[in-house]
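One file, model_9.cif, is given below (mmCIF, C-alpha atoms).
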data_model
loop_
_atom_site.label_atom_id
_atom_site.label_comp_id
_atom_site.auth_asym_id
_atom_site.auth_seq_id
_atom_site.Cartn_x
_atom_site.Cartn_y
_atom_site.Cartn_z
CA MET A 1 -85.64 10.10 -65.85
CA LYS A 2 -89.35 9.33 -66.08
CA ARG A 3 -89.19 7.55 -62.72
CA SER A 4 -87.45 10.50 -61.05
CA LEU A 5 -90.01 12.93 -62.47
CA ALA A 6 -92.85 10.72 -61.24
CA LEU A 7 -91.38 10.67 -57.72
CA VAL A 8 -91.01 14.45 -57.70
CA VAL A 9 -94.64 14.87 -58.79
CA LEU A 10 -95.74 12.37 -56.14
CA PHE A 11 -93.78 14.22 -53.45
CA PHE A 12 -95.38 17.55 -54.26
CA PHE A 13 -98.80 15.93 -54.49
CA LEU A 14 -98.44 14.39 -51.04
CA SER A 15 -97.05 17.60 -49.56
CA ALA A 16 -99.87 19.68 -50.98
CA ASN A 17 -102.55 17.28 -49.77
CA ALA A 18 -101.03 16.44 -46.40
CA THR A 19 -103.81 18.14 -44.49
CA ASN A 20 -106.89 17.32 -46.53
CA THR A 21 -106.46 13.78 -47.92
CA LEU A 22 -109.08 11.48 -46.43
CA LEU A 23 -108.79 7.76 -46.88
CA SER A 24 -111.88 5.73 -47.66
CA PRO A 25 -113.10 2.81 -45.49
CA PHE A 26 -111.69 0.52 -48.18
CA SER A 27 -108.10 1.70 -47.68
CA LYS A 28 -105.41 -0.67 -46.46
CA VAL A 29 -102.19 -0.12 -44.50
CA SER A 30 -99.45 -2.73 -44.84
CA VAL A 31 -95.96 -3.39 -43.54
CA LEU A 32 -93.62 -4.54 -46.30
CA THR A 33 -90.76 -6.80 -45.23
CA CYS A 34 -88.01 -7.59 -47.72
CA ASN A 35 -85.76 -10.54 -47.03
CA PRO A 36 -81.98 -10.01 -47.06
CA GLY A 37 -80.05 -9.71 -50.30
CA THR A 38 -76.45 -10.17 -51.38
CA GLU A 39 -75.67 -6.45 -51.74
CA SER A 40 -73.71 -4.96 -48.83
CA TYR A 41 -76.55 -2.59 -47.89
CA ALA A 42 -79.18 -5.34 -48.13
CA ILE A 43 -77.85 -8.18 -45.97
CA PHE A 44 -80.19 -7.34 -43.07
CA GLY A 45 -83.35 -6.89 -45.14
CA HIS A 46 -85.64 -3.90 -45.26
CA SER A 47 -88.99 -2.63 -43.98
CA ALA A 48 -91.42 -0.09 -45.43
CA VAL A 49 -95.06 0.96 -45.11
CA ARG A 50 -97.60 0.78 -47.91
CA VAL A 51 -100.86 2.74 -47.95
CA ARG A 52 -103.32 2.02 -50.73
CA ASP A 53 -106.88 3.09 -51.37
CA SER A 54 -108.86 1.82 -54.37
CA VAL A 55 -111.32 4.70 -54.05
CA THR A 56 -108.89 7.64 -54.02
CA GLY A 57 -106.28 5.87 -56.17
CA VAL A 58 -103.57 6.20 -53.51
CA ASP A 59 -100.84 3.51 -53.58
CA VAL A 60 -97.78 4.87 -51.80
CA VAL A 61 -94.78 3.20 -50.17
CA PHE A 62 -93.12 5.13 -47.34
CA ASN A 63 -89.45 4.28 -46.95
CA PHE A 64 -87.43 5.29 -43.87
CA GLY A 65 -84.22 3.85 -45.31
CA THR A 66 -83.42 6.58 -47.84
CA PHE A 67 -80.00 8.23 -48.02
CA ASP A 68 -78.28 10.47 -50.53
CA ALA A 69 -75.37 8.58 -52.10
CA ASP A 70 -74.58 11.63 -54.24
CA ASP A 71 -73.83 13.79 -51.21
CA PRO A 72 -70.23 15.04 -51.65
CA LYS A 73 -69.67 14.29 -47.96
CA PHE A 74 -71.31 10.87 -48.11
CA TYR A 75 -68.23 8.79 -47.26
CA GLN A 76 -67.12 11.26 -44.60
CA LYS A 77 -70.51 11.07 -42.90
CA PHE A 78 -70.68 7.29 -43.29
CA LEU A 79 -67.26 6.66 -41.73
CA SER A 80 -67.84 9.16 -38.93
CA GLY A 81 -71.20 7.65 -37.98
CA ARG A 82 -73.08 10.84 -38.81
CA MET A 83 -75.15 9.51 -41.69
CA THR A 84 -78.52 11.19 -42.11
CA TYR A 85 -81.35 9.02 -43.35
CA SER A 86 -84.77 10.25 -44.35
CA LEU A 87 -88.33 9.22 -45.06
CA SER A 88 -89.22 9.16 -48.73
CA ALA A 89 -92.34 8.20 -50.67
CA GLY A 90 -92.73 6.34 -53.94
CA THR A 91 -95.21 4.20 -55.78
CA PHE A 92 -95.56 0.49 -55.12
CA ALA A 93 -95.02 -0.08 -58.85
CA ASP A 94 -91.55 1.47 -58.50
CA PHE A 95 -90.81 -0.28 -55.20
CA LEU A 96 -91.29 -3.91 -56.25
CA PRO A 97 -88.99 -4.22 -59.31
CA GLU A 98 -85.83 -3.73 -57.21
CA TYR A 99 -86.62 -6.88 -55.26
CA ARG A 100 -87.72 -8.78 -58.34
CA GLY A 101 -84.37 -7.98 -59.92
CA GLY A 102 -82.55 -9.07 -56.76
CA ASN A 103 -84.42 -12.42 -56.60
CA ARG A 104 -85.74 -11.57 -53.16
CA ILE A 105 -88.98 -12.17 -51.28
CA VAL A 106 -91.30 -9.38 -50.18
CA TRP A 107 -93.95 -10.06 -47.55
CA GLU A 108 -96.88 -7.68 -47.26
CA GLN A 109 -98.68 -7.82 -43.92
CA VAL A 110 -102.02 -6.05 -44.28
CA LEU A 111 -102.74 -4.62 -40.84
CA ASP A 112 -106.05 -4.93 -39.00
CA MET A 113 -106.94 -1.27 -38.39
CA THR A 114 -110.03 0.79 -37.93
CA PRO A 115 -110.68 3.59 -40.47
CA GLN A 116 -109.64 6.09 -37.80
CA GLU A 117 -106.33 4.26 -37.20
CA LYS A 118 -105.60 4.15 -40.93
CA GLN A 119 -106.23 7.86 -41.24
CA GLN A 120 -104.08 8.51 -38.20
CA ILE A 121 -101.06 6.64 -39.55
CA TRP A 122 -101.54 8.23 -42.99
CA ASP A 123 -101.54 11.70 -41.45
CA ARG A 124 -98.45 10.87 -39.36
CA LEU A 125 -96.55 9.62 -42.40
CA LEU A 126 -97.43 12.69 -44.43
CA ASP A 127 -96.34 14.93 -41.58
CA ASN A 128 -93.06 13.02 -41.23
CA LEU A 129 -92.50 13.44 -44.95
CA LYS A 130 -92.16 17.21 -44.56
CA PRO A 131 -88.65 18.64 -44.11
CA PRO A 132 -87.06 18.69 -41.61
CA ASN A 133 -89.26 16.00 -40.03
CA SER A 134 -88.17 13.50 -42.65
CA HIS A 135 -84.50 13.46 -41.60
CA TYR A 136 -83.00 11.49 -38.72
CA LYS A 137 -79.58 10.32 -37.60
CA TYR A 138 -79.28 6.64 -38.43
CA ASP A 139 -78.32 4.15 -35.72
CA PHE A 140 -78.08 0.50 -36.75
CA LEU A 141 -79.29 -0.90 -33.43
CA TYR A 142 -81.70 1.73 -32.17
CA ASP A 143 -82.96 3.98 -34.98
CA ASN A 144 -83.46 2.56 -38.47
CA CYS A 145 -86.13 1.72 -41.03
CA SER A 146 -87.52 -1.05 -38.83
CA THR A 147 -87.55 0.74 -35.46
CA ARG A 148 -89.22 3.81 -37.02
CA ILE A 149 -92.13 1.66 -38.19
CA ARG A 150 -92.24 -0.08 -34.81
CA ASP A 151 -92.50 3.26 -33.00
CA GLY A 152 -95.22 4.52 -35.34
CA LEU A 153 -97.35 1.39 -34.93
CA GLN A 154 -96.98 1.45 -31.16
CA LYS A 155 -98.42 4.97 -31.10
CA ILE A 156 -101.41 3.69 -33.06
CA TYR A 157 -102.02 0.38 -31.32
CA GLY A 158 -100.85 1.23 -27.80
CA ASN A 159 -101.10 -1.74 -25.44
CA ARG A 160 -103.06 -3.71 -28.02
CA TRP A 161 -99.80 -4.79 -29.66
CA GLU A 162 -97.94 -6.93 -27.15
CA ILE A 163 -94.52 -7.94 -28.46
CA VAL A 164 -93.60 -11.52 -27.63
CA PRO A 165 -89.98 -11.82 -26.37
CA GLN A 166 -87.66 -14.16 -28.24
CA THR A 167 -86.80 -17.54 -26.76
CA PRO A 168 -84.01 -18.27 -26.27
CA ARG A 169 -82.70 -14.76 -25.87
CA LYS A 170 -80.02 -13.67 -28.31
CA SER A 171 -77.65 -10.72 -28.28
CA PHE A 172 -77.73 -8.06 -30.98
CA ARG A 173 -74.65 -9.67 -32.56
CA GLU A 174 -76.17 -13.15 -32.58
CA GLN A 175 -79.28 -11.80 -34.28
CA PHE A 176 -77.78 -9.65 -37.02
CA GLY A 177 -75.08 -12.28 -37.63
CA ALA A 178 -77.65 -14.36 -39.51
CA GLY A 179 -77.47 -11.79 -42.31
CA PHE A 180 -73.79 -12.52 -42.90
CA ALA A 181 -74.72 -15.63 -44.85
CA TYR A 182 -75.84 -13.39 -47.72
CA ASN A 183 -72.48 -11.58 -48.04
CA ALA A 184 -69.75 -13.23 -46.00
CA TRP A 185 -67.04 -10.60 -46.47
CA THR A 186 -69.33 -7.68 -45.65
CA GLY A 187 -70.49 -9.59 -42.58
CA PHE A 188 -66.90 -10.33 -41.58
CA GLY A 189 -66.01 -6.65 -41.83
CA ILE A 190 -69.05 -5.61 -39.79
CA ASP A 191 -68.35 -8.23 -37.13
CA ILE A 192 -64.71 -7.16 -36.79
CA CYS A 193 -65.70 -3.49 -36.46
CA THR A 194 -68.35 -4.25 -33.82
CA GLY A 195 -67.63 -3.82 -30.13
CA LEU A 196 -69.23 -4.88 -26.86
CA PRO A 197 -72.45 -2.81 -27.32
CA ALA A 198 -73.50 -5.41 -29.90
CA ASP A 199 -73.26 -8.15 -27.28
CA LYS A 200 -76.01 -6.72 -25.12
CA TYR A 201 -79.28 -8.62 -24.96
CA PRO A 202 -82.11 -6.48 -26.35
CA ASP A 203 -85.48 -6.37 -24.64
CA ALA A 204 -88.64 -7.33 -26.49
CA ASN A 205 -89.01 -3.86 -27.95
CA GLN A 206 -85.37 -3.46 -29.00
CA GLN A 207 -85.26 -6.80 -30.79
CA LEU A 208 -87.35 -5.25 -33.56
CA PHE A 209 -84.27 -3.49 -34.95
CA LEU A 210 -84.22 -6.14 -37.69
CA PRO A 211 -86.95 -6.19 -40.38
CA LEU A 212 -87.51 -9.95 -40.07
CA ASN A 213 -87.94 -9.56 -36.30
CA LEU A 214 -90.57 -6.87 -36.92
CA PHE A 215 -92.34 -9.24 -39.29
CA ASP A 216 -92.36 -11.99 -36.65
CA ALA A 217 -93.55 -9.63 -33.92
CA LEU A 218 -96.53 -8.58 -36.01
CA ALA A 219 -97.33 -12.15 -37.06
CA GLN A 220 -97.00 -13.58 -33.54
CA SER A 221 -98.89 -10.87 -31.68
CA ARG A 222 -101.44 -12.26 -29.23
CA ALA A 223 -103.94 -9.69 -30.45
CA LYS A 224 -105.00 -9.69 -34.08
CA ILE A 225 -102.64 -7.19 -35.69
CA VAL A 226 -102.24 -8.73 -39.15
CA ASP A 227 -105.33 -9.31 -41.24
CA THR A 228 -103.74 -11.06 -44.23
CA THR A 229 -100.22 -11.70 -45.54
CA ILE A 230 -99.35 -11.48 -49.23
CA VAL A 231 -96.12 -13.00 -50.52
CA TYR A 232 -94.24 -11.73 -53.57
CA ASP A 233 -91.69 -14.49 -54.10
CA PHE A 234 -89.01 -13.65 -56.67
CA SER A 235 -86.40 -15.98 -55.20
CA LYS A 236 -84.64 -18.72 -57.13
CA PRO A 237 -83.91 -22.26 -55.90
CA ALA A 238 -80.84 -22.25 -53.68
CA ALA A 239 -77.74 -23.99 -54.95
CA ARG A 240 -76.62 -27.17 -53.21
CA ALA A 241 -74.47 -26.34 -50.20
CA SER A 242 -70.73 -26.83 -50.66
CA ILE A 243 -67.50 -25.47 -49.26
CA ASP A 244 -67.10 -21.81 -50.13
CA TRP A 245 -63.39 -21.47 -50.81
CA THR A 246 -63.69 -17.68 -50.95
CA ALA A 247 -65.40 -17.26 -47.56
CA PRO A 248 -63.45 -15.42 -44.80
CA LEU A 249 -63.39 -18.46 -42.53
CA THR A 250 -61.97 -20.71 -45.26
CA ILE A 251 -59.42 -18.12 -46.37
CA CYS A 252 -58.25 -17.55 -42.80
CA TRP A 253 -57.78 -21.28 -42.14
CA ILE A 254 -55.81 -21.58 -45.38
CA LEU A 255 -53.72 -18.62 -44.23
CA PHE A 256 -53.01 -20.35 -40.91
CA VAL A 257 -51.94 -23.56 -42.69
CA LEU A 258 -49.57 -21.56 -44.91
CA TYR A 259 -48.07 -19.81 -41.91
CA ALA A 260 -47.71 -23.10 -40.03
CA LEU A 261 -45.89 -24.59 -43.04
CA THR A 262 -43.71 -21.49 -43.19
CA LEU A 263 -42.79 -21.92 -39.54
CA PHE A 264 -41.95 -25.58 -40.16
CA ALA A 265 -39.72 -24.64 -43.10
CA GLU A 266 -37.93 -21.96 -41.06
CA VAL A 267 -37.19 -24.37 -38.23
CA ARG A 268 -36.24 -27.18 -40.59
CA TYR A 269 -33.84 -25.13 -42.69
CA LYS A 270 -32.83 -22.63 -39.99
CA ARG A 271 -33.91 -19.62 -41.97
CA HIS A 272 -36.15 -16.63 -41.36
CA PHE A 273 -38.51 -15.18 -43.95
CA ARG A 274 -39.35 -11.52 -43.49
CA ALA A 275 -42.27 -11.33 -45.96
CA PRO A 276 -44.76 -13.32 -43.81
CA ASP A 277 -44.08 -10.95 -40.88
CA SER A 278 -44.56 -7.87 -43.04
CA ILE A 279 -47.84 -9.18 -44.42
CA ILE A 280 -49.61 -10.32 -41.26
CA PHE A 281 -48.28 -7.69 -38.84
CA GLY A 282 -48.78 -4.96 -41.42
CA ILE A 283 -52.37 -5.90 -42.29
CA THR A 284 -53.51 -6.53 -38.71
CA GLY A 285 -51.74 -3.39 -37.50
CA LEU A 286 -53.50 -1.23 -40.10
CA ALA A 287 -56.79 -2.95 -39.24
CA GLY A 288 -56.17 -2.04 -35.61
CA LEU A 289 -55.77 1.63 -36.55
CA VAL A 290 -59.16 1.49 -38.26
CA LEU A 291 -60.81 -0.14 -35.23
CA LEU A 292 -59.26 2.41 -32.90
CA PHE A 293 -60.46 5.23 -35.16
CA LEU A 294 -64.03 3.85 -35.21
CA TRP A 295 -64.02 3.58 -31.41
CA THR A 296 -62.52 6.93 -30.47
CA MET A 297 -63.09 9.31 -33.39
CA THR A 298 -66.60 8.53 -34.67
CA ASP A 299 -70.21 8.44 -33.47
CA HIS A 300 -70.57 4.70 -34.13
CA ARG A 301 -71.72 3.52 -30.70
CA ILE A 302 -71.64 -0.07 -31.89
CA SER A 303 -67.86 0.17 -32.51
CA ARG A 304 -66.87 1.08 -28.96
CA PHE A 305 -64.97 -1.26 -26.60
CA ASN A 306 -63.88 -3.50 -29.47
CA LEU A 307 -62.15 -6.64 -28.20
CA ASN A 308 -60.77 -7.35 -31.67
CA LEU A 309 -58.04 -4.87 -30.79
CA LEU A 310 -56.48 -7.72 -28.81
CA TRP A 311 -55.30 -9.31 -32.07
CA ALA A 312 -55.78 -6.54 -34.65
CA SER A 313 -53.66 -4.11 -32.68
CA PRO A 314 -51.92 -0.98 -33.96
CA LEU A 315 -48.95 -2.20 -31.91
CA ASN A 316 -48.49 -4.99 -34.46
CA LEU A 317 -46.81 -2.43 -36.69
CA LEU A 318 -44.10 -1.97 -34.04
CA LEU A 319 -43.30 -5.69 -34.16
CA LEU A 320 -41.86 -5.18 -37.63
CA PHE A 321 -39.13 -3.02 -36.09
CA ARG A 322 -39.02 -4.08 -32.42
CA PRO A 323 -39.38 -7.89 -32.30
CA GLN A 324 -38.37 -7.93 -28.65
CA LEU A 325 -41.87 -6.65 -27.82
CA LYS A 326 -43.16 -10.15 -28.56
CA LYS A 327 -42.66 -11.22 -24.94
CA TYR A 328 -45.48 -8.87 -23.92
CA TYR A 329 -47.79 -9.79 -26.78
CA LEU A 330 -47.34 -13.57 -26.90
CA PRO A 331 -49.22 -14.27 -23.62
CA VAL A 332 -52.12 -12.07 -24.79
CA LEU A 333 -52.51 -14.02 -28.02
CA ALA A 334 -52.15 -17.36 -26.23
CA LEU A 335 -54.89 -16.45 -23.74
CA LEU A 336 -57.06 -15.15 -26.58
CA VAL A 337 -56.79 -18.51 -28.38
CA VAL A 338 -57.93 -20.31 -25.21
CA TYR A 339 -60.83 -17.87 -24.85
CA LEU A 340 -61.84 -18.35 -28.50
CA LEU A 341 -61.96 -22.10 -27.98
CA VAL A 342 -64.05 -21.83 -24.81
CA VAL A 343 -66.25 -18.73 -25.33
CA PRO A 344 -66.29 -17.84 -29.04
CA ARG A 345 -69.50 -15.77 -28.95
CA LEU A 346 -67.88 -12.32 -28.88
CA PHE A 347 -65.69 -12.91 -31.93
CA ASP A 348 -66.13 -13.85 -35.56
CA ALA A 349 -65.24 -17.50 -36.24
CA ALA A 350 -62.42 -16.42 -38.60
CA VAL A 351 -60.59 -14.70 -35.73
CA LEU A 352 -59.35 -18.03 -34.36
CA PRO A 353 -57.24 -19.04 -37.40
CA LEU A 354 -56.04 -15.43 -37.74
CA THR A 355 -54.84 -15.43 -34.15
CA LEU A 356 -53.17 -18.81 -34.60
CA ALA A 357 -51.38 -17.45 -37.69
CA LEU A 358 -50.15 -14.50 -35.62
CA LEU A 359 -48.91 -16.92 -32.97
CA THR A 360 -46.76 -18.78 -35.50
CA ARG A 361 -44.88 -15.56 -36.24
CA MET A 362 -44.57 -14.70 -32.55
CA VAL A 363 -43.06 -18.09 -31.77
CA ARG A 364 -40.62 -17.86 -34.66
CA ARG A 365 -39.57 -14.36 -33.69
CA GLY A 366 -39.00 -15.64 -30.16
CA GLU A 367 -36.70 -18.39 -31.44
CA ARG A 368 -34.84 -15.90 -33.59
CA THR A 369 -34.33 -13.49 -30.70
CA LEU A 370 -33.05 -16.27 -28.44
CA ALA A 371 -30.70 -17.45 -31.18
CA ASP A 372 -29.33 -13.93 -31.64
CA GLN A 373 -28.83 -13.57 -27.90
CA GLY A 374 -27.02 -16.90 -27.77
CA ALA A 375 -24.71 -15.90 -30.61
CA GLY A 376 -23.99 -12.63 -28.87
CA SER A 377 -23.11 -14.41 -25.64
CA LEU A 378 -20.69 -16.77 -27.40
CA SER A 379 -18.93 -13.94 -29.21
CA SER A 380 -18.40 -12.00 -25.97
CA THR A 381 -16.93 -14.93 -24.06
CA PRO A 382 -13.14 -14.49 -23.59
CA SER A 383 -10.96 -17.26 -25.06
#

What is this structure when it is put down as structure tokens?
Amino acid sequence: MKRSLALVVLFFFLSANATNTLLSPFSKVSVLTCNPGTESYAIFGHSAVRVRDSVTGVDVVFNFGTFDADDPKFYQKFLSGRMTYSLSAGTFADFLPEYRGGNRIVWEQVLDMTPQEKQQIWDRLLDNLKPPNSHYKYDFLYDNCSTRIRDGLQKIYGNRWEIVPQTPRKSFREQFGAGFAYNAWTGFGIDICTGLPADKYPDANQQLFLPLNLFDALAQSRAKIVDTTIVYDFSKPAARASIDWTAPLTICWILFVLYALTLFAEVRYKRHFRAPDSIIFGITGLAGLVLLFLWTMTDHRISRFNLNLLWASPLNLLLLFRPQLKKYYLPVLALLVVYLLVVPRLFDAAVLPLTLALLTRMVRRGERTLADQGAGSLSSTPS
């Protein structure tokens, strides 16, 4: 309650002094970069701007990654790709504890700016804090907490800040995929829901959609952009690497082994189990409906042209009732397996064992159909 009241007071203070607050020559402007965390919303890290002035007593963090989780239409807006984010302001004392509690690292890059440039960015931030300037439609690849800071700094520095392109070049997917290590299941879900737009190669400017990329671009600038870097390290020693039996890739390979053993048992004992079909065709069919919805019914540009519909297809639901359709689907899955072995870049690694598991049911259904046809032929033969 006290924290909320303090933020409200700070907001009204900043709004009231937006046009007459002058920073002293001793003021500092910093970019705060927070390394990824294990929470679903934190696996890609975060960026913010800090302005502090020992003379005026100002110490404010401007955060472009604010959203209202209490909005009654929050989930509707989130699923439809119409989430509105906003710029908010808080104290540095309130900003840091969240990352201390999450055992994360915060880097503070104090920027090399003239007094005029500091005043300019301060005035811009205060102006952006006013409604409706503070609100914007969030886009993961092109408009987020990192790109907003990038755009603001480019207006200040102009050609002085030359962004060094990455070598070797990486697609959007290859870059944000590094964050999946912090929450494997969230990463798996994001990767499955991501279409071909994520496989484009960003230019030097677009690659700053990730906070850590913005940090590198500032640190590696040919011109002196960063004066000093302060590290707030709240991380704990990493545990020794071992097999994660709960990771999506591990679970999917175990699932394939179970389905392969099921196929062996069916062939060996000449039986057919319906439950494995219901599970895998039902789950992948429902997943396909979600992917199709994200592509056609939402504003998520990143979800368009999703190749995962080749295996997570809504048509999988029809296979539960019309097994004869397998003759059209089996070649698609077989070709997809070959593609995954040769060019796996466009798919999550767990897709391969999932597709192989689907193939085991397609093969078994094919044997069953042929057996039924053979029995029918024998029964219709005149004696």

Completion exercise
Pairwise distance, CA of Gly57 (chain A) with CA of Leu32 (chain A), equals 19.1 Å

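The shell of residues at most 6 Å from Gly81 (chain A), with only C-alpha atoms counted and near chain neighbours (fewer than 5 positions) removed, consists of Thr298, Asp299 and His300 of chain A.
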
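Across the structure, CA of His272 (chain A) and CA of Val257 (chain A) are spaced 17.3 Å apart.
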
Closest atom pairs, residues of region 137-189 of chain A within 10 Å of region 336-347 of chain A, all atoms listed in the file, as a Markdown table:
| residue | atom | partner | partner_atom | distance |
| --- | --- | --- | --- | --- |
| A:Ser171 | CA | A:Arg345 | CA | 9.6 |
| A:Arg173 | CA | A:Leu346 | CA | 8.1 |
| A:Glu174 | CA | A:Arg345 | CA | 8.0 |

Please expand the PyMOL selection byres ((chain A and resi 52) around 10) into the concrete residues it hits in this file, giving the result as a PDB file with C-alpha atoms, in the frame of the given file.
ATOM      1  CA  LEU A  23    -108.790   7.760 -46.880  1.00  0.00           C
ATOM      2  CA  SER A  24    -111.880   5.730 -47.660  1.00  0.00           C
ATOM      3  CA  PHE A  26    -111.690   0.520 -48.180  1.00  0.00           C
ATOM      4  CA  SER A  27    -108.100   1.700 -47.680  1.00  0.00           C
ATOM      5  CA  LYS A  28    -105.410  -0.670 -46.460  1.00  0.00           C
ATOM      6  CA  VAL A  29    -102.190  -0.120 -44.500  1.00  0.00           C
ATOM      7  CA  SER A  30     -99.450  -2.730 -44.840  1.00  0.00           C
ATOM      8  CA  ARG A  50     -97.600   0.780 -47.910  1.00  0.00           C
ATOM      9  CA  VAL A  51    -100.860   2.740 -47.950  1.00  0.00           C
ATOM     10  CA  ASP A  53    -106.880   3.090 -51.370  1.00  0.00           C
ATOM     11  CA  SER A  54    -108.860   1.820 -54.370  1.00  0.00           C
ATOM     12  CA  VAL A  55    -111.320   4.700 -54.050  1.00  0.00           C
ATOM     13  CA  THR A  56    -108.890   7.640 -54.020  1.00  0.00           C
ATOM     14  CA  GLY A  57    -106.280   5.870 -56.170  1.00  0.00           C
ATOM     15  CA  VAL A  58    -103.570   6.200 -53.510  1.00  0.00           C
ATOM     16  CA  ASP A  59    -100.840   3.510 -53.580  1.00  0.00           C
ATOM     17  CA  VAL A  60     -97.780   4.870 -51.800  1.00  0.00           C
ATOM     18  CA  VAL A  61     -94.780   3.200 -50.170  1.00  0.00           C
ATOM     19  CA  THR A  91     -95.210   4.200 -55.780  1.00  0.00           C
ATOM     20  CA  PHE A  92     -95.560   0.490 -55.120  1.00  0.00           C
TER      21      PHE A  92
END

Handout entry: One-decimal distance in Å that lies between CA of Ala350 (chain A) and CA of Pro248 (chain A)
Key =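 We find that CA of Pro248 (chain A) and CA of Ala350 (chain A) lie 6.4 Å from each other.
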